[in-house]
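Undergrad: There's a structure below that I have some questions on.
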Amino acid sequence: MSLPPDEHPPGLVLDARLHLLDRQVLDVDGVPVCTVDDLEVHGVDGSDLPDGTQTAFVTSLLSGAVLATRVFGGRPPSSRWHRIRWTHVADVGTTVALGVRGDTLDVTWTERWVRDRVIGRLPGGRHDPG
């Protein structure tokens, strides 16, 4: 008796909880950018693709201030999420590696703001230790 051929859908198959959620995101230079708090997924509404199959795929990694909602419940509004398009993802392993620099993404605006408006105004705050 032979086994039926193993039919894998095209593309990379990931378990979202195992491979993506709560993973550290690194930019192309290996600098930490954020962690993955949630995913934006399309195709889970049951709509059929042209060939009649149903497939869900990740369109964006979401990151944001979710501590309060994890403690008290609920879900932050959509406007509070920072999105990193899936097309920017270069590799998924122990971390999620991006193919772009982190300072070009909106997710790092708070760090840039604190660096420029607070740390940069302190004596020696603009000194690069490297």
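Letters A, B, ... mark the chains of the structure tokens in the order given; residue numbers begin at 1 per chain; ligand numbers begin at 1, in order shown.
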DSSP on the backbone, strand (DSSP E) only: what residues of segment 22-117 of chain A does that give? Format it as a ChimeraX atom specification.
TA: /A:24-26,32-35,38-42,57-63,82-85,89-92,96-98
Undergrad: What is the distance between atom CA of Trp86 of chain A and atom CA of Thr110 of chain A, in Å to one decimal?
TA: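 Separating atom CA of Trp86 of chain A from atom CA of Thr110 of chain A is a distance of 21.7 Å.
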Undergrad: Calculated over only C-alpha atoms, which of the candidates A:Ala68, A:Leu26, A:Leu14, A:Leu39 has the smallest distance to Leu98 of chain A?
TA: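 Of A:Ala68, A:Leu26, A:Leu14, A:Leu39, the one nearest Leu98 of chain A, counting only C-alpha atoms, is A:Leu26.
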Undergrad: Between atom CA of Ser79 of chain A and atom CA of Val66 of chain A, measure the distance and give it in Å to one decimal.
TA: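 Computing it gives 12.5 Å between the two atoms.
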Undergrad: Have a look at atom CA of Leu105 of chain A and atom CA of Ala65 of chain A and let me know their distance in Å, one decimal.
TA: 16.1 Å
Undergrad: Restricting the calculation to only C-alpha atoms, which member of A:Val58, A:Val28, A:Thr69, A:Ser2 is positioned closest to Ala16 of chain A?
TA: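 Looking only at the distances to Ala16 of chain A, the closest residue turns out to be A:Val58.
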Undergrad: List the spatial neighbours of Val33 of chain A as number ranges by chain - criterion: any atom at most 8 Å away, only C-alpha atoms, same-chain residues fewer than 4 positions off excluded.
TA: A: 24-27, 102, 107-108
Undergrad: Of the candidates A:Leu122, A:Ala97, A:Ala90, A:Val71, which shows the shortest atom-to-atom distance to Arg23 of chain A, using only C-alpha atoms?
TA: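 Distance minimum relative to Arg23 of chain A lands on A:Ala97.
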Undergrad: For Trp109 of chain A, find every residue with an atom within 12 Å (counting only C-alpha atoms), except residues of its own chain fewer than 5 positions away, and show them as number ranges by chain.
TA: A: 33-34, 64, 82, 102-104, 114-117
Undergrad: Identify, on the basis of only C-alpha atoms, every residue whose closest approach to Leu67 of chain A does not exceed 10 Å; exclude the query and any residue fewer than 4 positions from it along the same chain; express the result as a CSV table (one decimal) with N, CA and C atoms, in the first residue's frame.
TA:
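Writing the result to result_38.csv gives the following:
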chain,number,residue,atom,x,y,z
A,37,ASP,N,3.3,41.2,18.3
A,37,ASP,CA,2.2,41.1,19.2
A,37,ASP,C,0.9,40.4,18.6
A,71,VAL,N,-3.6,42.5,30.4
A,71,VAL,CA,-3.9,42.4,31.8
A,71,VAL,C,-5.4,42.5,32.0
A,72,PHE,N,-6.1,43.5,31.4
A,72,PHE,CA,-7.5,43.8,31.7
A,72,PHE,C,-8.4,43.2,30.6
A,73,GLY,N,-7.9,42.6,29.6
A,73,GLY,CA,-8.8,42.0,28.5
A,73,GLY,C,-9.1,43.0,27.5
A,76,PRO,N,-6.8,46.3,21.7
A,76,PRO,CA,-6.6,47.7,21.3
A,76,PRO,C,-7.2,48.1,20.0
Undergrad: Within 9 Å of Asp38 of chain A, counting only C-alpha atoms, which residues qualify if same-chain residues fewer than 5 places away don't, as a PyMOL selection string?
TA: chain A and resi 20-22+60-64+81
Undergrad: Between A:His88, A:Ala56, A:Gly74, A:Gly30, which residue has the minimum interatomic distance to His42 of chain A, considering only C-alpha atoms?
TA: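 Of all the options, A:Ala56 lies closest to His42 of chain A.
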